[in-house]
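Trainee: So that you have it, the file is work05.txt, and it contains compact mmCIF, C-alpha atoms and all ligand atoms:
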# COMPACT_ATOMS: atom_id res chain seq x y z
CA MET A 227 99.41 72.93 66.55
CA ALA A 228 101.86 75.78 66.26
CA ASN A 229 102.36 77.99 69.31
CA PHE A 230 101.75 81.74 69.61
CA LYS A 231 105.40 82.71 68.93
CA THR A 232 105.55 80.63 65.74
CA HIS A 233 102.25 82.04 64.50
CA ILE A 234 103.24 85.68 65.06
CA THR A 235 106.66 85.14 63.44
CA VAL A 236 105.28 83.44 60.32
CA ALA A 237 102.42 85.98 60.09
CA ALA A 238 104.92 88.87 60.24
CA PHE A 239 107.14 87.35 57.52
CA GLY A 240 104.15 86.53 55.30
CA SER A 241 102.66 89.97 55.83
CA ILE A 242 105.87 91.84 55.08
CA ALA A 243 106.34 89.85 51.86
CA ALA A 244 102.76 90.55 50.73
CA THR A 245 103.10 94.24 51.65
CA ALA A 246 106.34 94.48 49.64
CA VAL A 247 104.53 93.03 46.60
CA CYS A 248 101.75 95.62 47.01
CA ILE A 249 104.27 98.47 47.26
CA GLN A 250 106.06 97.30 44.12
CA LYS A 251 103.11 96.25 41.96
CA ILE A 252 100.36 98.63 43.06
CA GLY A 253 102.33 101.53 44.49
CA ILE A 254 100.46 101.87 47.77
CA SER A 255 101.33 104.73 50.14
CA ASP A 256 103.53 104.26 53.24
CA GLU A 257 100.51 104.70 55.50
CA HIS A 258 98.57 102.01 53.63
CA ALA A 259 101.59 99.72 53.71
CA VAL A 260 101.77 99.96 57.52
CA ILE A 261 98.02 99.28 57.84
CA LEU A 262 98.21 96.23 55.55
CA PHE A 263 101.26 94.86 57.35
CA LEU A 264 99.54 95.16 60.75
CA LEU A 265 96.34 93.58 59.41
CA GLY A 266 98.30 90.61 58.06
CA CYS A 267 99.97 90.12 61.46
CA ILE A 268 96.64 90.34 63.33
CA ALA A 269 95.00 87.92 60.88
CA GLY A 270 97.73 85.39 61.58
CA MET A 271 96.46 85.22 65.18
CA LEU A 272 92.71 85.44 64.57
CA PRO A 273 91.72 81.74 64.29
CA ASP A 274 92.95 81.06 67.84
CA ILE A 275 90.35 83.34 69.39
CA ASP A 276 88.32 80.11 69.62
CA SER A 277 90.77 78.89 72.26
CA ASN A 278 89.32 80.36 75.47
CA HIS A 279 92.56 81.07 77.34
CA SER A 280 94.83 81.85 74.39
CA ILE A 281 96.66 85.20 74.09
CA PRO A 282 94.83 86.08 70.81
CA ALA A 283 91.45 85.44 72.51
CA LYS A 284 92.36 87.77 75.40
CA TRP A 285 93.56 90.48 72.99
CA PHE A 286 90.54 90.08 70.75
CA PHE A 287 87.89 90.43 73.47
CA ARG A 288 89.73 93.28 75.22
CA SER A 289 90.08 95.27 71.99
CA LEU A 290 86.49 94.50 71.05
CA THR A 291 85.34 95.91 74.41
CA ALA A 292 87.51 99.02 74.00
CA THR A 293 86.41 99.62 70.37
CA SER A 294 82.73 99.17 71.25
CA MET A 295 83.00 101.64 74.13
CA VAL A 296 84.74 104.24 71.95
CA ALA A 297 82.08 103.79 69.25
CA MET A 298 79.33 104.14 71.88
CA ALA A 299 80.99 107.31 73.24
CA PHE A 300 81.08 108.87 69.75
CA TYR A 301 77.43 107.95 69.23
CA SER A 302 76.02 108.96 72.61
CA ILE A 303 77.99 112.08 73.66
CA PRO A 304 76.39 114.47 71.11
CA LYS A 305 72.90 113.12 71.80
CA PHE A 306 72.48 112.48 75.52
CA SER A 307 73.22 113.94 78.95
CA THR A 308 76.36 112.91 80.88
CA LEU A 309 74.42 110.52 83.09
CA VAL A 310 72.85 108.70 80.12
CA VAL A 311 76.22 108.56 78.35
CA LEU A 312 77.78 106.92 81.44
CA GLY A 313 74.88 104.45 81.54
CA CYS A 314 75.38 103.62 77.83
CA LEU A 315 79.13 103.08 78.36
CA LEU A 316 78.58 100.85 81.38
CA SER A 317 75.95 98.77 79.54
CA THR A 318 78.27 98.39 76.55
CA PHE A 319 81.11 97.26 78.82
CA ILE A 320 78.95 94.69 80.62
CA PHE A 321 77.41 93.41 77.37
CA VAL A 322 80.64 93.03 75.34
CA HIS A 323 83.10 92.13 78.11
CA TYR A 324 80.90 89.69 80.01
CA ILE A 325 77.79 88.58 78.12
CA PHE A 326 79.09 88.53 74.52
CA SER A 327 82.54 87.11 75.31
CA TYR A 328 81.06 84.48 77.67
CA THR A 329 78.53 83.42 75.02
CA MET A 330 81.23 83.23 72.32
CA LYS A 331 83.52 81.19 74.55
CA SER A 332 80.77 78.76 75.46
CA ILE A 333 79.53 78.16 71.90
CA THR A 334 82.93 77.87 70.19
CA SER A 335 85.33 74.97 70.52
CA HIS A 336 89.04 75.07 69.67
CA ARG A 337 89.63 74.00 66.07
CA GLY A 338 85.90 74.16 65.41
CA LEU A 339 84.25 76.50 62.90
CA PHE A 340 86.87 79.21 63.39
CA HIS A 341 89.57 76.93 62.01
CA SER A 342 88.03 76.70 58.55
CA VAL A 343 88.37 78.21 55.09
CA PRO A 344 84.87 79.81 55.03
CA ALA A 345 85.67 81.55 58.35
CA ALA A 346 88.76 83.05 56.66
CA GLY A 347 86.50 84.42 53.92
CA LEU A 348 84.00 85.78 56.43
CA PHE A 349 86.62 87.64 58.46
CA GLY A 350 87.86 89.12 55.18
CA MET A 351 84.35 90.32 54.35
CA ALA A 352 83.99 91.78 57.85
CA MET A 353 87.22 93.71 57.21
CA TYR A 354 85.89 94.97 53.88
CA PHE A 355 82.70 96.34 55.45
CA THR A 356 84.57 97.82 58.43
CA GLY A 357 87.08 99.51 56.11
CA TYR A 358 84.60 100.76 53.53
CA HIS A 359 81.72 101.81 55.79
CA GLY A 360 83.47 102.30 59.15
CA PHE A 361 86.81 103.89 58.23
CA THR A 362 85.52 105.28 54.87
CA TRP A 363 88.45 103.76 53.00
CA SER A 364 88.17 103.47 49.21
CA ALA A 365 86.57 100.27 47.93
CA HIS A 366 89.89 99.21 46.38
CA PHE A 367 91.85 99.59 49.61
CA SER A 368 89.05 97.95 51.61
CA TRP A 369 89.27 94.88 49.33
CA LEU A 370 93.04 94.86 49.70
CA ALA A 371 92.67 94.98 53.50
CA ALA A 372 90.13 92.13 53.28
CA SER A 373 92.62 90.08 51.24
CA PHE A 374 95.29 90.58 53.91
CA ILE A 375 92.90 89.42 56.63
CA SER A 376 91.80 86.31 54.70
CA GLY A 377 95.37 85.61 53.54
CA GLY A 378 96.87 85.88 57.04
CA TYR A 379 94.02 83.75 58.39
CA VAL A 380 94.64 80.98 55.83
CA LEU A 381 98.38 81.14 56.56
CA HIS A 382 97.58 80.37 60.21
CA LEU A 383 95.44 77.38 59.19
CA ILE A 384 98.18 76.04 56.89
CA LEU A 385 100.73 76.37 59.69
CA ASP A 386 98.46 74.47 62.09
CA GLU A 387 98.15 71.67 59.52
CA CYS A 388 101.94 71.59 59.00
CA TYR A 389 102.35 71.09 62.74
CA SER A 390 99.95 68.15 62.53
CA VAL A 391 102.49 66.19 60.51
CA ASP A 392 105.06 64.32 62.60
CA LEU A 393 108.01 64.43 60.20
CA MET A 394 110.31 62.43 62.47
CA GLY A 395 107.83 59.61 62.96
CA GLY A 396 106.50 59.85 59.39
CA ARG A 397 102.89 59.91 60.55
CA LEU A 398 99.94 62.26 60.84
CA LYS A 399 98.89 63.49 64.28
CA LYS A 400 95.30 63.25 65.47
CA SER A 401 94.81 66.98 64.84
CA PHE A 402 95.58 66.64 61.09
CA GLY A 403 92.73 67.92 58.95
CA SER A 404 91.09 69.93 61.74
CA ALA A 405 92.46 73.36 60.78
CA LEU A 406 92.27 73.92 57.02
CA THR A 407 88.74 72.53 56.68
CA ILE A 408 86.36 73.36 53.85
CA PHE A 409 83.43 71.34 55.22
CA ASN A 410 82.82 69.08 58.18
CA LYS A 411 79.83 66.74 58.23
CA ARG A 412 79.64 66.76 62.03
CA GLN A 413 79.18 70.55 62.03
CA TRP A 414 77.19 70.80 58.80
CA ARG A 415 74.70 73.35 60.14
CA GLY A 416 77.49 75.71 61.18
CA TYR A 417 79.30 75.35 57.85
CA ILE A 418 76.16 75.96 55.80
CA MET A 419 75.50 79.06 57.88
CA LEU A 420 79.07 80.32 57.30
CA TYR A 421 78.80 79.78 53.53
CA LEU A 422 75.38 81.44 53.39
CA ILE A 423 76.53 84.54 55.29
CA PHE A 424 79.67 84.68 53.15
CA ALA A 425 77.66 84.44 49.91
CA CYS A 426 75.20 87.16 51.01
CA ALA A 427 78.02 89.48 52.17
CA SER A 428 79.97 88.95 48.91
CA LEU A 429 76.92 89.62 46.74
CA TYR A 430 76.13 92.77 48.71
CA ALA A 431 79.71 94.04 48.46
CA TYR A 432 80.34 93.02 44.84
CA ASP A 433 81.01 95.88 42.45
CA PRO A 434 81.98 94.91 38.85
CA ASN A 435 83.71 98.26 38.33
CA ILE A 436 86.44 97.60 40.89
CA ILE A 437 89.80 96.42 39.64
CA LEU A 438 91.95 95.65 42.66
CA LEU A 439 95.29 96.25 40.99
CA SER A 440 94.72 99.95 40.38
CA HIS A 441 93.68 103.12 42.15
CA THR A 442 94.15 101.91 45.73
CA SER A 443 94.29 105.36 47.27
ZN ZN B 1 95.21 77.62 65.33
Could I get this structure in the form of structure tokens?
Mentor:
Amino acid sequence: MANFKTHITVAAFGSIAATAVCIQKIGISDEHAVILFLLGCIAGMLPDIDSNHSIPAKWFFRSLTATSMVAMAFYSIPKFSTLVVLGCLLSTFIFVHYIFSYTMKSITSHRGLFHSVPAAGLFGMAMYFTGYHGFTWSAHFSWLAASFISGGYVLHLILDECYSVDLMGGRLKKSFGSALTIFNKRQWRGYIMLYLIFACASLYAYDPNIILLSHTS
């Protein structure tokens, strides 16, 4: 499998190329270009959050804790007293930083469900909903952001598979086929669940009036 440095380098190159295409073909703003570039870079790291001690996993759970606490602060400050707000923030910290991250680490295995094509689609959908409903981006730009997340994610999986081929020895390593997976019989329940959630999320988000290659502002 490729290491962290290789992943971030390839993700940055892939993301800058895709962003350049968007600037040329769609005419996105500078601000949107920076957002898309960063999303592509982050997506190139995402699949390795299933590796408990990896740098992406540490970053992911720390930023998730910080984001959740900020969201809780925005929600609770106008409604509750200072003491209750502090209680809400502390509970959020304990839940996300300890309980949620511990549960995720114990139920995921490296190169398990997270290293799969449906997971790439699901993270893209999560980006769409976060962009559209959370950041109130336009539907067009939210789909574009989702494409960068899924695209960067798949790029990571392809890179992992490339590193599973021993070119010098002309053979395939044991890890070959464990990154860019579409379905795995041994984890069939997990895969069916991923495809079901993806299908429901896509149907919910689908809007026939959206044409991605226009009006991205
Ligand atoms: Zn990986």
Trainee: Taking only C-alpha atoms and all ligand atoms and a cut-off of 6 Å, can you tell me which residues surround ligand ZN 1 (chain B), written as a list of chain:residue names?
Mentor: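 Using only C-alpha atoms and all ligand atoms, everything at most 6 Å from ligand ZN 1 (chain B) comes to A:Pro273, A:Asp274, A:Asp386.
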Trainee: Find the distance between atom CA of A:Phe326 and atom CA of A:Phe287 and write it in Å to one decimal.
Mentor: 9.1 Å
Trainee: Just want the 8 Å neighbourhood of A:Gly377, counted on only C-alpha atoms, with same-chain residues fewer than 3 positions away dropped. Output as a list of chain:residue names.
Mentor: A:Gly266, A:Ala269, A:Ala346, A:Ser373, A:Phe374, A:Val380, A:Leu381
Trainee: So which residues touch A:Tyr432 within 12 Å, counting all atoms listed in the file, skipping near sequence neighbours fewer than 4 positions away, as a short mmCIF file (atom, residue, chain, number, x, y, z; two decimals) with C-alpha atoms, keeping the file's coordinate frame?
Mentor:
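Below is the file that was written, result_33.cif:
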data_model
loop_
_atom_site.label_atom_id
_atom_site.label_comp_id
_atom_site.auth_asym_id
_atom_site.auth_seq_id
_atom_site.Cartn_x
_atom_site.Cartn_y
_atom_site.Cartn_z
CA MET A 351 84.35 90.32 54.35
CA TYR A 354 85.89 94.97 53.88
CA PHE A 355 82.70 96.34 55.45
CA ALA A 365 86.57 100.27 47.93
CA HIS A 366 89.89 99.21 46.38
CA TRP A 369 89.27 94.88 49.33
CA PHE A 424 79.67 84.68 53.15
CA ALA A 425 77.66 84.44 49.91
CA CYS A 426 75.20 87.16 51.01
CA ALA A 427 78.02 89.48 52.17
CA SER A 428 79.97 88.95 48.91
CA ILE A 436 86.44 97.60 40.89
CA ILE A 437 89.80 96.42 39.64
#
Trainee: At a cut-off of 8 Å around the point (86.4, 93.9, 78.4) (file coordinates), what residues fall inside when counting all atoms listed in the file? I'd like the answer as a compact mmCIF listing (two decimals) with C-alpha atoms, in the coordinates of the input.
Mentor:
# COMPACT_ATOMS: atom_id res chain seq x y z
CA PHE A 287 87.89 90.43 73.47
CA ARG A 288 89.73 93.28 75.22
CA SER A 289 90.08 95.27 71.99
CA LEU A 290 86.49 94.50 71.05
CA THR A 291 85.34 95.91 74.41
CA ALA A 292 87.51 99.02 74.00
CA PHE A 319 81.11 97.26 78.82
CA ILE A 320 78.95 94.69 80.62
CA VAL A 322 80.64 93.03 75.34
CA HIS A 323 83.10 92.13 78.11
CA TYR A 324 80.90 89.69 80.01
Trainee: Restricting the calculation to all atoms listed in the file, which member of A:Ala243, A:Ile261, A:Thr362, A:Ala405 is positioned closest to A:Cys388?
Mentor: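 Result for the nearest residue to A:Cys388: A:Ala405.
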Trainee: One number please: atom CA of A:Ser342 to atom CA of A:His258, in Å, one decimal.
Mentor: 27.9 Å
Trainee: Looking at A:Asn278, A:Gln413, A:Ser390, A:Thr293, which one is nearest to A:Thr318, with distances taken over all atoms listed in the file?
Mentor: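 Of all the options, A:Thr293 lies closest to A:Thr318.
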Trainee: So what do you get for atom CA of A:Thr407 versus atom CA of A:Thr245, distance-wise?
Mentor: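 For atom CA of A:Thr407 relative to atom CA of A:Thr245, the distance reads 26.5 Å.
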Trainee: Need the shell around A:Ile408: protein/DNA/RNA residues with any atom at most 10 Å away, counting all atoms listed in the file. Skip same-chain ones fewer than 4 positions apart. Format as a list of chain:residue names?
Mentor: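 Skipping anything fewer than 4 positions along the chain leaves A:Leu339, A:His341, A:Ser342, A:Val343, A:Pro344, A:Ala345, A:Gly403, A:Ser404, A:Tyr417, A:Tyr421.
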Trainee: For stretch 367-389 of chain A, where the input has fewer atoms than it should, I would like N, CA, C and O atoms rebuilt and written as a PDB file, in the frame of the given file.
Mentor:
ATOM      1  N   PHE A 367      91.001  99.857  48.452  1.00  0.00           N
ATOM      2  CA  PHE A 367      91.850  99.590  49.610  1.00  0.00           C
ATOM      3  C   PHE A 367      91.134  98.680  50.606  1.00  0.00           C
ATOM      4  O   PHE A 367      91.770  97.851  51.267  1.00  0.00           O
ATOM      5  N   SER A 368      89.809  98.818  50.697  1.00  0.00           N
ATOM      6  CA  SER A 368      89.050  97.950  51.610  1.00  0.00           C
ATOM      7  C   SER A 368      89.163  96.488  51.171  1.00  0.00           C
ATOM      8  O   SER A 368      89.298  95.582  51.997  1.00  0.00           O
ATOM      9  N   TRP A 369      89.117  96.248  49.839  1.00  0.00           N
ATOM     10  CA  TRP A 369      89.270  94.880  49.330  1.00  0.00           C
ATOM     11  C   TRP A 369      90.682  94.360  49.587  1.00  0.00           C
ATOM     12  O   TRP A 369      90.878  93.179  49.907  1.00  0.00           O
ATOM     13  N   LEU A 370      91.646  95.250  49.451  1.00  0.00           N
ATOM     14  CA  LEU A 370      93.040  94.860  49.700  1.00  0.00           C
ATOM     15  C   LEU A 370      93.206  94.463  51.174  1.00  0.00           C
ATOM     16  O   LEU A 370      93.834  93.454  51.498  1.00  0.00           O
ATOM     17  N   ALA A 371      92.619  95.280  52.062  1.00  0.00           N
ATOM     18  CA  ALA A 371      92.670  94.980  53.500  1.00  0.00           C
ATOM     19  C   ALA A 371      91.989  93.641  53.786  1.00  0.00           C
ATOM     20  O   ALA A 371      92.488  92.816  54.569  1.00  0.00           O
ATOM     21  N   ALA A 372      90.851  93.401  53.112  1.00  0.00           N
ATOM     22  CA  ALA A 372      90.130  92.130  53.280  1.00  0.00           C
ATOM     23  C   ALA A 372      91.005  90.961  52.833  1.00  0.00           C
ATOM     24  O   ALA A 372      91.028  89.907  53.481  1.00  0.00           O
ATOM     25  N   SER A 373      91.749  91.153  51.738  1.00  0.00           N
ATOM     26  CA  SER A 373      92.620  90.080  51.240  1.00  0.00           C
ATOM     27  C   SER A 373      93.728  89.772  52.245  1.00  0.00           C
ATOM     28  O   SER A 373      94.099  88.619  52.428  1.00  0.00           O
ATOM     29  N   PHE A 374      94.245  90.805  52.913  1.00  0.00           N
ATOM     30  CA  PHE A 374      95.290  90.580  53.910  1.00  0.00           C
ATOM     31  C   PHE A 374      94.736  89.804  55.108  1.00  0.00           C
ATOM     32  O   PHE A 374      95.408  88.959  55.676  1.00  0.00           O
ATOM     33  N   ILE A 375      93.503  90.135  55.497  1.00  0.00           N
ATOM     34  CA  ILE A 375      92.900  89.420  56.630  1.00  0.00           C
ATOM     35  C   ILE A 375      92.677  87.952  56.257  1.00  0.00           C
ATOM     36  O   ILE A 375      93.102  87.044  56.982  1.00  0.00           O
ATOM     37  N   SER A 376      92.058  87.705  55.103  1.00  0.00           N
ATOM     38  CA  SER A 376      91.800  86.310  54.700  1.00  0.00           C
ATOM     39  C   SER A 376      93.111  85.567  54.457  1.00  0.00           C
ATOM     40  O   SER A 376      93.253  84.404  54.841  1.00  0.00           O
ATOM     41  N   GLY A 377      94.078  86.241  53.826  1.00  0.00           N
ATOM     42  CA  GLY A 377      95.370  85.610  53.540  1.00  0.00           C
ATOM     43  C   GLY A 377      96.117  85.224  54.806  1.00  0.00           C
ATOM     44  O   GLY A 377      96.606  84.097  54.941  1.00  0.00           O
ATOM     45  N   GLY A 378      96.183  86.155  55.774  1.00  0.00           N
ATOM     46  CA  GLY A 378      96.870  85.880  57.040  1.00  0.00           C
ATOM     47  C   GLY A 378      96.160  84.771  57.809  1.00  0.00           C
ATOM     48  O   GLY A 378      96.797  83.931  58.451  1.00  0.00           O
ATOM     49  N   TYR A 379      94.837  84.757  57.708  1.00  0.00           N
ATOM     50  CA  TYR A 379      94.020  83.750  58.390  1.00  0.00           C
ATOM     51  C   TYR A 379      94.342  82.354  57.835  1.00  0.00           C
ATOM     52  O   TYR A 379      94.576  81.401  58.575  1.00  0.00           O
ATOM     53  N   VAL A 380      94.361  82.270  56.476  1.00  0.00           N
ATOM     54  CA  VAL A 380      94.640  80.980  55.830  1.00  0.00           C
ATOM     55  C   VAL A 380      96.069  80.521  56.141  1.00  0.00           C
ATOM     56  O   VAL A 380      96.313  79.331  56.360  1.00  0.00           O
ATOM     57  N   LEU A 381      96.989  81.471  56.219  1.00  0.00           N
ATOM     58  CA  LEU A 381      98.380  81.140  56.560  1.00  0.00           C
ATOM     59  C   LEU A 381      98.436  80.460  57.936  1.00  0.00           C
ATOM     60  O   LEU A 381      99.167  79.493  58.139  1.00  0.00           O
ATOM     61  N   HIS A 382      97.654  80.973  58.875  1.00  0.00           N
ATOM     62  CA  HIS A 382      97.580  80.370  60.210  1.00  0.00           C
ATOM     63  C   HIS A 382      97.071  78.921  60.115  1.00  0.00           C
ATOM     64  O   HIS A 382      97.633  78.022  60.732  1.00  0.00           O
ATOM     65  N   LEU A 383      96.024  78.722  59.317  1.00  0.00           N
ATOM     66  CA  LEU A 383      95.440  77.380  59.190  1.00  0.00           C
ATOM     67  C   LEU A 383      96.450  76.405  58.562  1.00  0.00           C
ATOM     68  O   LEU A 383      96.572  75.254  58.999  1.00  0.00           O
ATOM     69  N   ILE A 384      97.177  76.891  57.537  1.00  0.00           N
ATOM     70  CA  ILE A 384      98.180  76.040  56.890  1.00  0.00           C
ATOM     71  C   ILE A 384      99.274  75.649  57.888  1.00  0.00           C
ATOM     72  O   ILE A 384      99.686  74.498  57.968  1.00  0.00           O
ATOM     73  N   LEU A 385      99.682  76.628  58.693  1.00  0.00           N
ATOM     74  CA  LEU A 385     100.730  76.370  59.690  1.00  0.00           C
ATOM     75  C   LEU A 385     100.265  75.336  60.717  1.00  0.00           C
ATOM     76  O   LEU A 385     101.022  74.440  61.096  1.00  0.00           O
ATOM     77  N   ASP A 386      99.014  75.456  61.148  1.00  0.00           N
ATOM     78  CA  ASP A 386      98.460  74.470  62.090  1.00  0.00           C
ATOM     79  C   ASP A 386      98.498  73.072  61.477  1.00  0.00           C
ATOM     80  O   ASP A 386      98.815  72.094  62.148  1.00  0.00           O
ATOM     81  N   GLU A 387      98.146  72.977  60.185  1.00  0.00           N
ATOM     82  CA  GLU A 387      98.150  71.670  59.520  1.00  0.00           C
ATOM     83  C   GLU A 387      99.583  71.126  59.393  1.00  0.00           C
ATOM     84  O   GLU A 387      99.818  69.941  59.558  1.00  0.00           O
ATOM     85  N   CYS A 388     100.531  72.024  59.108  1.00  0.00           N
ATOM     86  CA  CYS A 388     101.940  71.590  59.000  1.00  0.00           C
ATOM     87  C   CYS A 388     102.407  70.994  60.319  1.00  0.00           C
ATOM     88  O   CYS A 388     103.158  70.031  60.352  1.00  0.00           O
ATOM     89  N   TYR A 389     101.944  71.593  61.430  1.00  0.00           N
ATOM     90  CA  TYR A 389     102.350  71.090  62.740  1.00  0.00           C
ATOM     91  C   TYR A 389     101.609  69.795  63.112  1.00  0.00           C
ATOM     92  O   TYR A 389     101.888  69.204  64.136  1.00  0.00           O
TER      93      TYR A 389
END
